[in-house]
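The data block below is data.txt; it holds compact mmCIF, C-alpha atoms.
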# COMPACT_ATOMS: atom_id res chain seq x y z
CA MET A 777 182.89 108.09 51.97
CA LEU A 778 184.15 108.41 48.41
CA GLN A 779 183.94 111.96 47.07
CA THR A 780 183.26 112.13 43.35
CA ASN A 781 183.12 115.17 41.08
CA LEU A 782 179.44 114.51 40.42
CA GLU A 783 176.55 116.24 42.14
CA HIS A 784 175.56 113.94 44.99
CA VAL A 785 171.90 113.20 45.69
CA THR A 786 171.23 112.94 49.41
CA SER A 787 167.44 112.63 49.61
CA LYS A 788 164.42 111.40 47.67
CA GLU A 789 163.01 114.93 47.69
CA GLN A 790 166.20 116.26 46.08
CA LEU A 791 166.07 113.52 43.45
CA GLN A 792 162.44 114.28 42.67
CA GLN A 793 163.20 117.96 42.34
CA ILE A 794 166.09 117.23 39.95
CA ILE A 795 164.11 114.90 37.68
CA ASN A 796 161.21 117.37 37.67
CA SER A 797 163.36 120.30 36.65
CA ASN A 798 165.70 118.59 34.14
CA GLU A 799 164.66 116.87 30.94
CA LYS A 800 167.54 114.35 30.91
CA VAL A 801 168.90 112.91 34.14
CA ALA A 802 171.23 109.96 34.80
CA VAL A 803 171.73 108.75 38.38
CA CYS A 804 174.37 106.21 39.34
CA CYS A 805 173.27 104.67 42.64
CA GLY A 806 176.02 102.59 44.18
CA ARG A 807 178.34 102.16 47.12
CA MET A 808 180.28 105.37 47.63
CA GLY A 809 183.45 103.27 47.50
CA PRO A 810 186.02 102.21 44.94
CA MET A 811 184.13 99.41 43.22
CA CYS A 812 181.62 101.74 41.57
CA ILE A 813 184.28 104.29 40.54
CA PRO A 814 184.39 103.15 36.88
CA VAL A 815 180.80 104.34 36.34
CA TYR A 816 181.14 107.51 38.44
CA ASP A 817 184.26 108.44 36.47
CA ILE A 818 182.61 107.77 33.11
CA PHE A 819 179.74 110.02 34.19
CA ASP A 820 182.30 112.66 35.15
CA VAL A 821 183.93 112.52 31.69
CA PHE A 822 180.54 112.55 29.96
CA ARG A 823 179.38 115.69 31.80
CA GLU A 824 181.41 117.71 29.31
CA LYS A 825 180.44 115.60 26.32
CA TYR A 826 176.69 115.66 27.04
CA PRO A 827 176.01 119.05 28.66
CA ASP A 828 172.26 118.58 28.28
CA VAL A 829 172.30 115.52 30.55
CA LYS A 830 172.40 115.93 34.34
CA PHE A 831 174.76 113.25 35.69
CA MET A 832 174.42 112.51 39.43
CA ASP A 833 175.41 109.91 41.99
CA MET A 834 173.59 108.59 45.07
CA ASP A 835 174.53 106.34 47.96
CA PHE A 836 172.76 102.99 47.54
CA ASP A 837 172.73 102.33 51.30
CA ILE A 838 170.87 105.40 52.58
CA PRO A 839 167.18 104.88 53.40
CA ASP A 840 166.06 107.44 50.80
CA ALA A 841 167.72 105.37 48.05
CA ALA A 842 164.71 103.06 48.41
CA VAL A 843 163.17 105.34 45.79
CA ILE A 844 165.62 103.72 43.36
CA ARG A 845 166.02 100.29 44.97
CA SER A 846 162.26 99.69 44.82
CA LEU A 847 161.73 100.75 41.21
CA PRO A 848 159.95 98.03 39.22
CA GLU A 849 162.73 98.35 36.62
CA CYS A 850 165.23 97.25 39.30
CA ARG A 851 163.24 94.32 40.68
CA THR A 852 165.63 91.66 39.38
CA PHE A 853 168.81 93.69 39.83
CA ARG A 854 171.53 92.15 41.99
CA GLY A 855 174.59 94.01 40.84
CA LEU A 856 175.83 97.44 41.88
CA PRO A 857 175.60 100.16 40.82
CA PHE A 858 171.99 100.60 39.73
CA THR A 859 172.05 103.29 37.02
CA ILE A 860 168.76 104.99 36.23
CA TYR A 861 168.04 107.24 33.27
CA TYR A 862 165.08 109.66 33.51
CA CYS A 863 163.56 111.61 30.64
CA ASN A 864 160.87 114.19 31.34
CA GLY A 865 160.48 112.85 34.87
CA LYS A 866 160.03 109.21 33.88
CA VAL A 867 162.38 106.24 34.07
CA VAL A 868 163.36 105.35 30.51
CA LYS A 869 166.17 102.90 31.21
CA ALA A 870 167.82 101.15 34.15
CA THR A 871 171.01 99.11 34.14
CA THR A 872 172.66 96.95 36.78
CA SER A 873 176.31 96.30 37.58
CA ILE A 874 179.38 98.03 36.15
CA GLN A 875 178.90 99.37 32.63
CA ASP A 876 181.78 100.51 30.44
CA ALA A 877 181.93 103.82 28.59
CA LYS A 878 180.59 102.33 25.36
CA GLN A 879 177.60 100.80 27.14
CA VAL A 880 176.79 104.10 28.88
CA LYS A 881 177.22 105.97 25.59
CA ASP A 882 174.91 103.52 23.82
CA VAL A 883 172.22 103.97 26.49
CA ILE A 884 172.50 107.76 26.25
CA SER A 885 172.12 107.58 22.46
CA GLU A 886 169.18 105.20 22.83
CA VAL A 887 167.16 107.08 25.41
CA PHE A 888 168.17 110.73 25.13
CA SER A 889 168.63 111.29 21.37
CA MET B 1329 181.80 114.56 8.09
CA SER B 1330 184.86 116.65 9.01
CA GLN B 1331 187.91 114.91 10.41
CA ALA B 1332 190.33 116.73 12.69
CA THR B 1333 193.94 115.59 13.09
CA HIS B 1334 195.84 116.15 16.32
CA PRO B 1335 199.62 115.60 16.20
CA PHE B 1336 201.50 114.39 19.30
CA ASP B 1337 204.98 112.99 19.88
CA LEU B 1338 203.68 110.07 21.90
CA ILE B 1339 200.34 108.34 22.27
CA ILE B 1340 199.90 106.17 25.35
CA ILE B 1341 197.00 103.75 25.18
CA GLY B 1342 195.90 102.91 28.71
CA ALA B 1343 195.77 105.17 31.75
CA GLY B 1344 196.75 102.72 34.47
CA PRO B 1345 199.97 103.01 36.50
CA ALA B 1346 202.20 102.01 33.55
CA GLY B 1347 200.66 104.56 31.19
CA LEU B 1348 200.53 107.33 33.79
CA ALA B 1349 204.12 106.74 34.94
CA ALA B 1350 205.28 106.96 31.33
CA ALA B 1351 203.23 110.15 30.82
CA ILE B 1352 204.75 111.80 33.90
CA TYR B 1353 208.25 111.21 32.52
CA THR B 1354 207.58 112.16 28.90
CA ALA B 1355 205.40 115.21 29.55
CA ARG B 1356 207.97 116.47 32.05
CA ALA B 1357 210.57 116.13 29.28
CA ALA B 1358 208.40 118.31 27.00
CA VAL B 1359 207.33 115.36 24.87
CA ARG B 1360 203.82 116.11 23.59
CA THR B 1361 201.95 113.25 25.23
CA LEU B 1362 198.39 112.02 24.80
CA VAL B 1363 196.91 109.33 27.06
CA ILE B 1364 193.84 107.49 25.78
CA ASP B 1365 191.70 105.12 27.83
CA GLN B 1366 188.35 103.49 27.18
CA SER B 1367 187.53 104.02 30.84
CA SER B 1368 188.73 106.62 33.33
CA ALA B 1369 192.31 106.97 34.54
CA GLY B 1370 193.74 104.58 37.11
CA GLY B 1371 193.39 101.09 35.68
CA GLN B 1372 192.75 98.36 38.22
CA VAL B 1373 194.33 100.45 40.97
CA LYS B 1374 191.39 102.85 41.13
CA THR B 1375 189.06 100.07 42.28
CA THR B 1376 191.51 98.67 44.84
CA HIS B 1377 190.40 99.50 48.38
CA GLN B 1378 193.83 99.90 49.92
CA VAL B 1379 197.34 99.68 48.52
CA ALA B 1380 199.76 98.77 51.28
CA ASN B 1381 202.97 98.00 49.39
CA TYR B 1382 203.52 101.03 47.18
CA PRO B 1383 206.76 102.65 48.30
CA GLY B 1384 206.49 106.06 49.91
CA PHE B 1385 203.23 105.49 51.78
CA ILE B 1386 203.73 104.35 55.36
CA GLU B 1387 200.03 103.75 55.85
CA PRO B 1388 197.90 101.99 53.20
CA VAL B 1389 196.60 104.41 50.60
CA PRO B 1390 193.19 104.07 48.88
CA GLY B 1391 193.75 102.91 45.31
CA TYR B 1392 191.58 105.66 43.82
CA GLU B 1393 193.67 108.26 45.66
CA LEU B 1394 196.95 106.80 44.39
CA ALA B 1395 195.57 106.58 40.84
CA GLY B 1396 194.06 110.06 41.05
CA ASN B 1397 197.36 111.54 42.17
CA MET B 1398 199.22 109.81 39.32
CA LYS B 1399 196.80 111.37 36.83
CA LYS B 1400 197.07 114.82 38.42
CA GLN B 1401 200.86 114.55 38.36
CA ALA B 1402 200.81 113.67 34.64
CA GLU B 1403 198.36 116.53 33.94
CA LYS B 1404 200.52 118.96 35.87
CA TYR B 1405 203.35 118.38 33.39
CA GLY B 1406 201.09 118.88 30.38
CA THR B 1407 199.78 115.43 29.50
CA LYS B 1408 196.54 115.53 27.49
CA PHE B 1409 193.85 112.93 28.15
CA GLU B 1410 191.11 111.37 26.06
CA LEU B 1411 189.15 109.27 28.58
CA ALA B 1412 186.01 107.13 28.20
CA ALA B 1413 187.09 107.07 24.56
CA GLU B 1414 186.44 104.30 22.08
CA ILE B 1415 189.25 103.72 19.61
CA THR B 1416 187.61 102.87 16.30
CA ALA B 1417 190.76 102.33 14.19
CA ILE B 1418 194.48 102.14 14.77
CA ASN B 1419 197.69 102.00 12.74
CA LEU B 1420 200.90 100.89 14.45
CA VAL B 1421 203.16 100.55 11.41
CA GLY B 1422 205.22 103.09 9.51
CA GLU B 1423 206.89 106.21 10.83
CA GLU B 1424 203.63 107.93 11.74
CA LYS B 1425 201.21 105.91 13.86
CA TRP B 1426 197.60 106.99 14.25
CA VAL B 1427 194.55 106.34 16.38
CA LYS B 1428 190.98 107.30 15.51
CA ILE B 1429 188.36 108.20 18.10
CA ASP B 1430 185.00 109.09 16.58
CA ASP B 1431 185.83 111.76 13.97
CA GLU B 1432 189.19 112.71 15.44
CA THR B 1433 192.57 111.33 14.37
CA TYR B 1434 195.57 111.44 16.71
CA THR B 1435 199.05 110.91 15.29
CA ALA B 1436 202.47 110.25 16.83
CA LYS B 1437 205.79 108.65 15.96
CA HIS B 1438 205.76 106.66 19.19
CA VAL B 1439 203.09 104.59 20.93
CA ILE B 1440 203.13 102.94 24.32
CA ILE B 1441 200.53 100.22 24.81
CA ALA B 1442 199.58 99.98 28.48
CA THR B 1443 196.09 98.54 28.26
CA GLY B 1444 196.54 96.18 31.20
CA SER B 1445 194.36 93.16 31.76
CA SER B 1446 190.73 92.56 32.57
CA PRO B 1447 188.69 89.79 34.19
CA ARG B 1448 188.37 86.72 32.03
CA LEU B 1449 184.81 85.86 31.00
CA LEU B 1450 183.57 82.30 30.62
CA ASN B 1451 181.97 83.22 27.28
CA VAL B 1452 179.13 80.76 27.68
CA PRO B 1453 175.44 81.36 26.86
CA GLY B 1454 173.61 83.48 29.43
CA GLU B 1455 176.71 84.97 31.04
CA GLN B 1456 176.29 88.47 29.59
CA GLU B 1457 172.50 88.33 29.64
CA PHE B 1458 172.28 87.70 33.38
CA LYS B 1459 175.20 89.89 34.49
CA GLY B 1460 173.88 91.87 37.45
CA GLY B 1461 170.73 89.75 37.52
CA GLY B 1462 172.16 86.64 39.13
CA ILE B 1463 175.69 86.61 37.74
CA SER B 1464 178.34 88.73 39.40
CA TYR B 1465 182.09 89.32 39.31
CA CYS B 1466 182.44 91.23 42.59
CA ALA B 1467 181.82 89.85 46.07
CA THR B 1468 182.35 93.19 47.79
CA CYS B 1469 179.78 94.89 45.55
CA ASP B 1470 177.09 92.27 45.29
CA GLY B 1471 177.57 89.76 48.13
CA GLU B 1472 174.93 91.39 50.29
CA PHE B 1473 172.22 90.70 47.69
CA TYR B 1474 172.71 86.99 48.44
CA THR B 1475 172.34 87.06 52.22
CA GLY B 1476 170.97 83.69 53.35
CA LYS B 1477 171.04 82.37 49.76
CA ASP B 1478 172.68 79.45 47.99
CA ILE B 1479 175.25 80.45 45.42
CA ILE B 1480 177.85 79.06 43.05
CA VAL B 1481 181.42 80.30 42.74
CA VAL B 1482 183.27 79.48 39.52
CA GLY B 1483 187.06 79.25 39.90
CA GLY B 1484 189.62 77.82 42.27
CA GLY B 1485 192.46 80.33 42.27
CA ASN B 1486 193.45 82.88 44.89
CA SER B 1487 190.90 85.49 43.82
CA ALA B 1488 188.07 82.97 43.72
CA MET B 1489 188.82 81.61 47.18
CA GLU B 1490 189.47 84.98 48.80
CA GLU B 1491 186.23 86.36 47.37
CA SER B 1492 184.44 83.18 48.49
CA LEU B 1493 185.63 83.65 52.07
CA LEU B 1494 184.09 87.12 51.95
CA LEU B 1495 180.85 85.74 50.48
CA LEU B 1496 180.62 83.18 53.30
CA GLN B 1497 179.82 86.09 55.63
CA PHE B 1498 176.52 86.53 53.76
CA VAL B 1499 175.42 83.33 52.06
CA LYS B 1500 173.87 80.07 53.27
CA SER B 1501 176.01 77.87 51.04
CA ILE B 1502 178.60 77.96 48.28
CA THR B 1503 179.08 75.34 45.60
CA VAL B 1504 182.48 75.86 43.97
CA ILE B 1505 182.75 74.74 40.35
CA HIS B 1506 186.39 74.14 39.51
CA GLN B 1507 188.00 72.69 36.42
CA PHE B 1508 190.79 70.85 38.26
CA ASP B 1509 191.04 68.21 41.01
CA THR B 1510 192.69 70.60 43.44
CA LEU B 1511 192.31 74.27 44.28
CA GLN B 1512 195.01 76.50 42.81
CA ALA B 1513 194.72 79.02 45.65
CA GLU B 1514 197.39 79.26 48.36
CA LYS B 1515 197.09 76.33 50.76
CA ILE B 1516 196.04 78.41 53.79
CA THR B 1517 193.15 79.98 51.83
CA ALA B 1518 192.18 76.74 50.11
CA ASP B 1519 192.12 74.87 53.44
CA LYS B 1520 189.78 77.45 54.97
CA MET B 1521 187.34 76.84 52.14
CA ILE B 1522 187.61 73.06 52.08
CA LYS B 1523 187.01 72.84 55.85
CA ASN B 1524 184.01 75.17 55.86
CA PRO B 1525 180.75 73.20 56.29
CA LYS B 1526 178.90 75.70 54.08
CA VAL B 1527 181.18 74.86 51.13
CA ASN B 1528 180.79 72.07 48.61
CA ILE B 1529 183.26 71.66 45.73
CA LEU B 1530 182.41 70.24 42.34
CA TRP B 1531 185.80 69.11 41.02
CA SER B 1532 186.66 68.76 37.33
CA HIS B 1533 183.61 70.63 36.13
CA GLU B 1534 183.14 73.69 33.93
CA PRO B 1535 180.00 75.75 33.37
CA ARG B 1536 178.58 75.43 29.87
CA GLY B 1537 175.65 77.82 30.15
CA PHE B 1538 173.33 79.85 32.37
CA ASP B 1539 169.59 80.21 32.30
CA LYS B 1540 167.02 81.69 34.63
CA LYS B 1541 163.90 80.26 36.25
CA ASP B 1542 162.00 82.92 38.16
CA ASP B 1543 164.68 84.48 40.38
CA ARG B 1544 166.96 81.43 40.33
CA ILE B 1545 169.91 80.76 38.05
CA ILE B 1546 170.15 77.40 36.32
CA VAL B 1547 173.73 76.37 35.65
CA THR B 1548 174.63 73.66 33.19
CA ALA B 1549 178.05 72.21 34.04
CA GLU B 1550 180.11 69.57 32.30
CA ASN B 1551 182.11 66.90 34.07
CA LEU B 1552 185.42 67.20 32.23
CA LYS B 1553 186.29 63.56 32.86
CA THR B 1554 183.01 61.84 31.97
CA LYS B 1555 181.61 64.60 29.68
CA GLU B 1556 178.33 64.22 31.57
CA LEU B 1557 176.21 67.39 31.79
CA ILE B 1558 174.50 68.28 35.06
CA THR B 1559 172.23 71.16 36.03
CA LEU B 1560 172.30 73.07 39.29
CA GLU B 1561 169.73 75.58 40.50
CA ARG B 1562 170.99 78.35 42.80
CA ASP B 1563 170.24 81.96 43.70
CA GLY B 1564 173.35 83.42 42.12
CA VAL B 1565 176.72 82.78 40.50
CA PHE B 1566 180.01 84.57 41.12
CA ILE B 1567 182.70 84.14 38.47
CA PHE B 1568 186.41 84.54 39.26
CA VAL B 1569 188.45 82.81 36.56
CA GLY B 1570 191.51 84.98 36.25
CA MET B 1571 192.58 87.82 34.04
CA LEU B 1572 193.25 88.25 30.33
CA PRO B 1573 195.46 90.81 28.58
CA SER B 1574 193.43 93.62 27.01
CA VAL B 1575 194.64 93.25 23.43
CA ASP B 1576 191.46 93.04 21.35
CA LEU B 1577 192.34 96.34 19.69
CA PHE B 1578 195.59 94.88 18.36
CA ARG B 1579 194.39 91.49 17.12
CA ASN B 1580 194.42 92.62 13.49
CA THR B 1581 197.79 94.36 13.66
CA PRO B 1582 201.24 92.78 13.16
CA LEU B 1583 202.00 93.26 16.88
CA GLN B 1584 203.62 90.11 18.27
CA LEU B 1585 201.67 88.42 21.09
CA ASN B 1586 202.62 85.29 23.00
CA GLU B 1587 200.40 82.20 23.22
CA GLN B 1588 198.41 83.69 26.11
CA GLY B 1589 197.90 86.96 24.23
CA TYR B 1590 200.41 89.08 26.14
CA ILE B 1591 202.56 91.50 24.13
CA VAL B 1592 206.15 90.37 23.62
CA THR B 1593 208.81 93.01 24.42
CA ASN B 1594 212.51 93.22 25.07
CA GLU B 1595 213.98 94.76 28.22
CA LYS B 1596 213.59 98.25 26.69
CA MET B 1597 209.84 97.57 26.39
CA GLU B 1598 210.18 97.60 22.61
CA THR B 1599 207.75 95.42 20.69
CA ASN B 1600 208.39 93.91 17.28
CA LEU B 1601 207.03 97.12 15.69
CA GLU B 1602 209.36 100.10 15.37
CA GLY B 1603 208.30 102.93 17.67
CA VAL B 1604 205.74 100.80 19.51
CA TYR B 1605 206.33 99.89 23.15
CA ALA B 1606 204.33 97.91 25.71
CA ALA B 1607 204.30 98.40 29.47
CA GLY B 1608 202.51 97.00 32.50
CA ASP B 1609 200.20 94.01 32.84
CA VAL B 1610 199.61 93.68 29.09
CA ARG B 1611 203.26 92.75 28.59
CA ASP B 1612 204.62 89.21 28.68
CA LYS B 1613 206.36 89.01 32.07
CA LYS B 1614 206.33 87.11 35.34
CA TYR B 1615 205.31 89.66 37.99
CA ARG B 1616 202.32 91.98 37.61
CA GLN B 1617 202.32 94.59 40.35
CA ILE B 1618 201.71 98.35 40.46
CA THR B 1619 205.41 98.84 41.04
CA THR B 1620 206.46 96.68 38.09
CA ALA B 1621 203.94 98.47 35.86
CA VAL B 1622 205.37 101.82 36.92
CA GLY B 1623 208.86 100.46 36.21
CA ASP B 1624 207.85 99.33 32.72
CA GLY B 1625 206.29 102.71 31.96
CA THR B 1626 209.40 104.50 33.16
CA ILE B 1627 211.70 102.39 30.97
CA ALA B 1628 209.54 102.85 27.86
CA SER B 1629 209.32 106.60 28.41
CA LEU B 1630 213.07 107.01 28.92
CA GLU B 1631 213.75 105.06 25.73
CA ILE B 1632 211.38 107.36 23.84
CA ILE B 1633 212.78 110.55 25.38
CA GLN B 1634 216.25 109.48 24.20
CA LYS B 1635 215.01 109.06 20.64
CA ILE B 1636 213.09 112.33 20.31

Target format structure tokens, applied to this file:
Amino acid sequence: MLQTNLEHVTSKEQLQQIINSNEKVAVCCGRMGPMCIPVYDIFDVFREKYPDVKFMDMDFDIPDAAVIRSLPECRTFRGLPFTIYYCNGKVVKATTSIQDAKQVKDVISEVFS
Amino acid sequence: MSQATHPFDLIIIGAGPAGLAAAIYTARAAVRTLVIDQSSAGGQVKTTHQVANYPGFIEPVPGYELAGNMKKQAEKYGTKFELAAEITAINLVGEEKWVKIDDETYTAKHVIIATGSSPRLLNVPGEQEFKGGGISYCATCDGEFYTGKDIIVVGGGNSAMEESLLLLQFVKSITVIHQFDTLQAEKITADKMIKNPKVNILWSHEPRGFDKKDDRIIVTAENLKTKELITLERDGVFIFVGMLPSVDLFRNTPLQLNEQGYIVTNEKMETNLEGVYAAGDVRDKKYRQITTAVGDGTIASLEIIQKI
């Protein structure tokens, strides 16, 4: 399994605890393999740039990732990774497929500013 | 708003194998080197599952590992990185070149452009809108979403056919939309597709737009011979129509590009602009491999080291 520099979410309970205890959370839920690396790496770079945002990753294929897969915001999604942005415990934005740094930056400005 | 200026000897734009190879050489020669990339380091290599033909590795090496090691090696010698960075303005003429990122300005007498290439888009209505919601560019990533479904593949080259063979493990049927009368893929791959009963090929057609009806994608395609427009309704579309040089940043500069948009260089990797070099897939050349990119980066860096 791909090891990233991000904190890795392994259960739905852990995810719930993180979004309850952090105001701004971004979770990239994808295959822990090379194809999703562009987004994981952008998150890694942005950790320093946006210290108030908690950037995480999660394996799309584990059963507990159903908490993300079954979100209404992801109903029509058919492209990995699913990237979910939470503010004060609520989903404020979800994107599908690979996003570039500018797209991620724009979302962060939109939902977390 | 305050503007900070950061002087370097060399700015490398692009952190793929060409840019990183150049950085390893120049930083090791005490050339103050900055590498800028709009994404993370590694270029296309980082998303390659296994690299089996890079010298020095007896067993295939994961692309992200190879790319990660190249970056660490460049860092070890003192290369500075600005990653996930959006260049907002650039000057490639005169003795001092500069690049702006947000409120920061980076200057150097030498620039190596190693921005590589990226997947070509069709640029038709609906393509961006439905990306990830019915339109995909990656069979490995998204094929499973289409298990038992009917899909369209756009393209007839090696990538399109190899990705299609992978998709056939999941889907019920594939309709290939291809602009020519024959597949451009290698014969052995093309034959596997043509003979597969789950595959139907729409020759001499090109997509003109995408729309959505409930969860299905509506594709409008044009017959290039008769100009007739047809519509197809499927569960998803995968697009594999080749690569394009990443040169958008340089369109409004005097940098010389060839007809396909690749940067023209001589054998020293020099462009038509003094002090500006190009290396790797973005350069006009015949073979685009990791090894040739590394070779280009090495040549450009040695030329620069000689001049500093």

Local residues around (173.8, 101.5, 43.1), at most 7 Å away, using only C-alpha atoms, as a VMD selection string: chain A and resid 804 to 807 835 to 836 856 to 859

Test item: residues at most 12 Å from Asp1542 in chain B, all atoms listed in the file, excluding those fewer than 3 positions along its chain, as a count of residues only: 10

Near-range 1501-1515 of chain B list (9 Å; only C-alpha atoms; drop same-chain fewer than 3 positions) as a VMD selection string: chain B and resid 1476 to 1490 1492 1495 to 1496 1518 to 1520 1525 to 1535 1549 1551 to 1552

Would you kindly return, as a compact mmCIF listing (two decimals) with C-alpha atoms, keeping the file's coordinate frame, each protein, DNA or RNA residue with an atom no farther than 7 Å from any atom of range 1424-1429 of chain B, considering all atoms listed in the file and excluding same-chain residues fewer than 6 positions away?
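Okay, this is what ended up in result_0.txt:
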# COMPACT_ATOMS: atom_id res chain seq x y z
CA ALA B 1413 187.09 107.07 24.56
CA GLU B 1414 186.44 104.30 22.08
CA ILE B 1415 189.25 103.72 19.61
CA THR B 1416 187.61 102.87 16.30
CA ALA B 1417 190.76 102.33 14.19
CA ILE B 1418 194.48 102.14 14.77
CA THR B 1435 199.05 110.91 15.29
CA ALA B 1436 202.47 110.25 16.83
CA LYS B 1437 205.79 108.65 15.96

Length of the CA of Ile1632 in chain B to CA of Pro1582 in chain B vector [Å]: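 CA of Pro1582 in chain B lies 20.7 Å from CA of Ile1632 in chain B.
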
Within 12 Å of (194.3, 106.0, 41.6), in the coordinates the file gives, what residues turn up when you count all atoms listed in the file, written out as a short mmCIF file (atom, residue, chain, number, x, y, z; two decimals) with C-alpha atoms, in the frame of the given file?
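As a result, part_9.cif now contains:
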data_model
loop_
_atom_site.label_atom_id
_atom_site.label_comp_id
_atom_site.auth_asym_id
_atom_site.auth_seq_id
_atom_site.Cartn_x
_atom_site.Cartn_y
_atom_site.Cartn_z
CA PRO A 810 186.02 102.21 44.94
CA ILE A 813 184.28 104.29 40.54
CA PRO A 814 184.39 103.15 36.88
CA ASP A 817 184.26 108.44 36.47
CA ALA B 1343 195.77 105.17 31.75
CA GLY B 1344 196.75 102.72 34.47
CA PRO B 1345 199.97 103.01 36.50
CA ALA B 1346 202.20 102.01 33.55
CA LEU B 1348 200.53 107.33 33.79
CA ALA B 1349 204.12 106.74 34.94
CA SER B 1368 188.73 106.62 33.33
CA ALA B 1369 192.31 106.97 34.54
CA GLY B 1370 193.74 104.58 37.11
CA GLY B 1371 193.39 101.09 35.68
CA GLN B 1372 192.75 98.36 38.22
CA VAL B 1373 194.33 100.45 40.97
CA LYS B 1374 191.39 102.85 41.13
CA THR B 1375 189.06 100.07 42.28
CA THR B 1376 191.51 98.67 44.84
CA HIS B 1377 190.40 99.50 48.38
CA GLN B 1378 193.83 99.90 49.92
CA VAL B 1379 197.34 99.68 48.52
CA TYR B 1382 203.52 101.03 47.18
CA VAL B 1389 196.60 104.41 50.60
CA PRO B 1390 193.19 104.07 48.88
CA GLY B 1391 193.75 102.91 45.31
CA TYR B 1392 191.58 105.66 43.82
CA GLU B 1393 193.67 108.26 45.66
CA LEU B 1394 196.95 106.80 44.39
CA ALA B 1395 195.57 106.58 40.84
CA GLY B 1396 194.06 110.06 41.05
CA ASN B 1397 197.36 111.54 42.17
CA MET B 1398 199.22 109.81 39.32
CA LYS B 1399 196.80 111.37 36.83
CA LYS B 1400 197.07 114.82 38.42
CA GLN B 1401 200.86 114.55 38.36
CA ILE B 1618 201.71 98.35 40.46
#

Interatomic distance, CA of Thr1620 in chain B to CA of Ala1350 in chain B (Å, one decimal): 12.4 Å

Interface, chain A side, toward chain B (12 Å; all atoms listed in the file) as a PyMOL selection string: chain A and resi 777-780+806-825+836-837+845+849-859+870-882
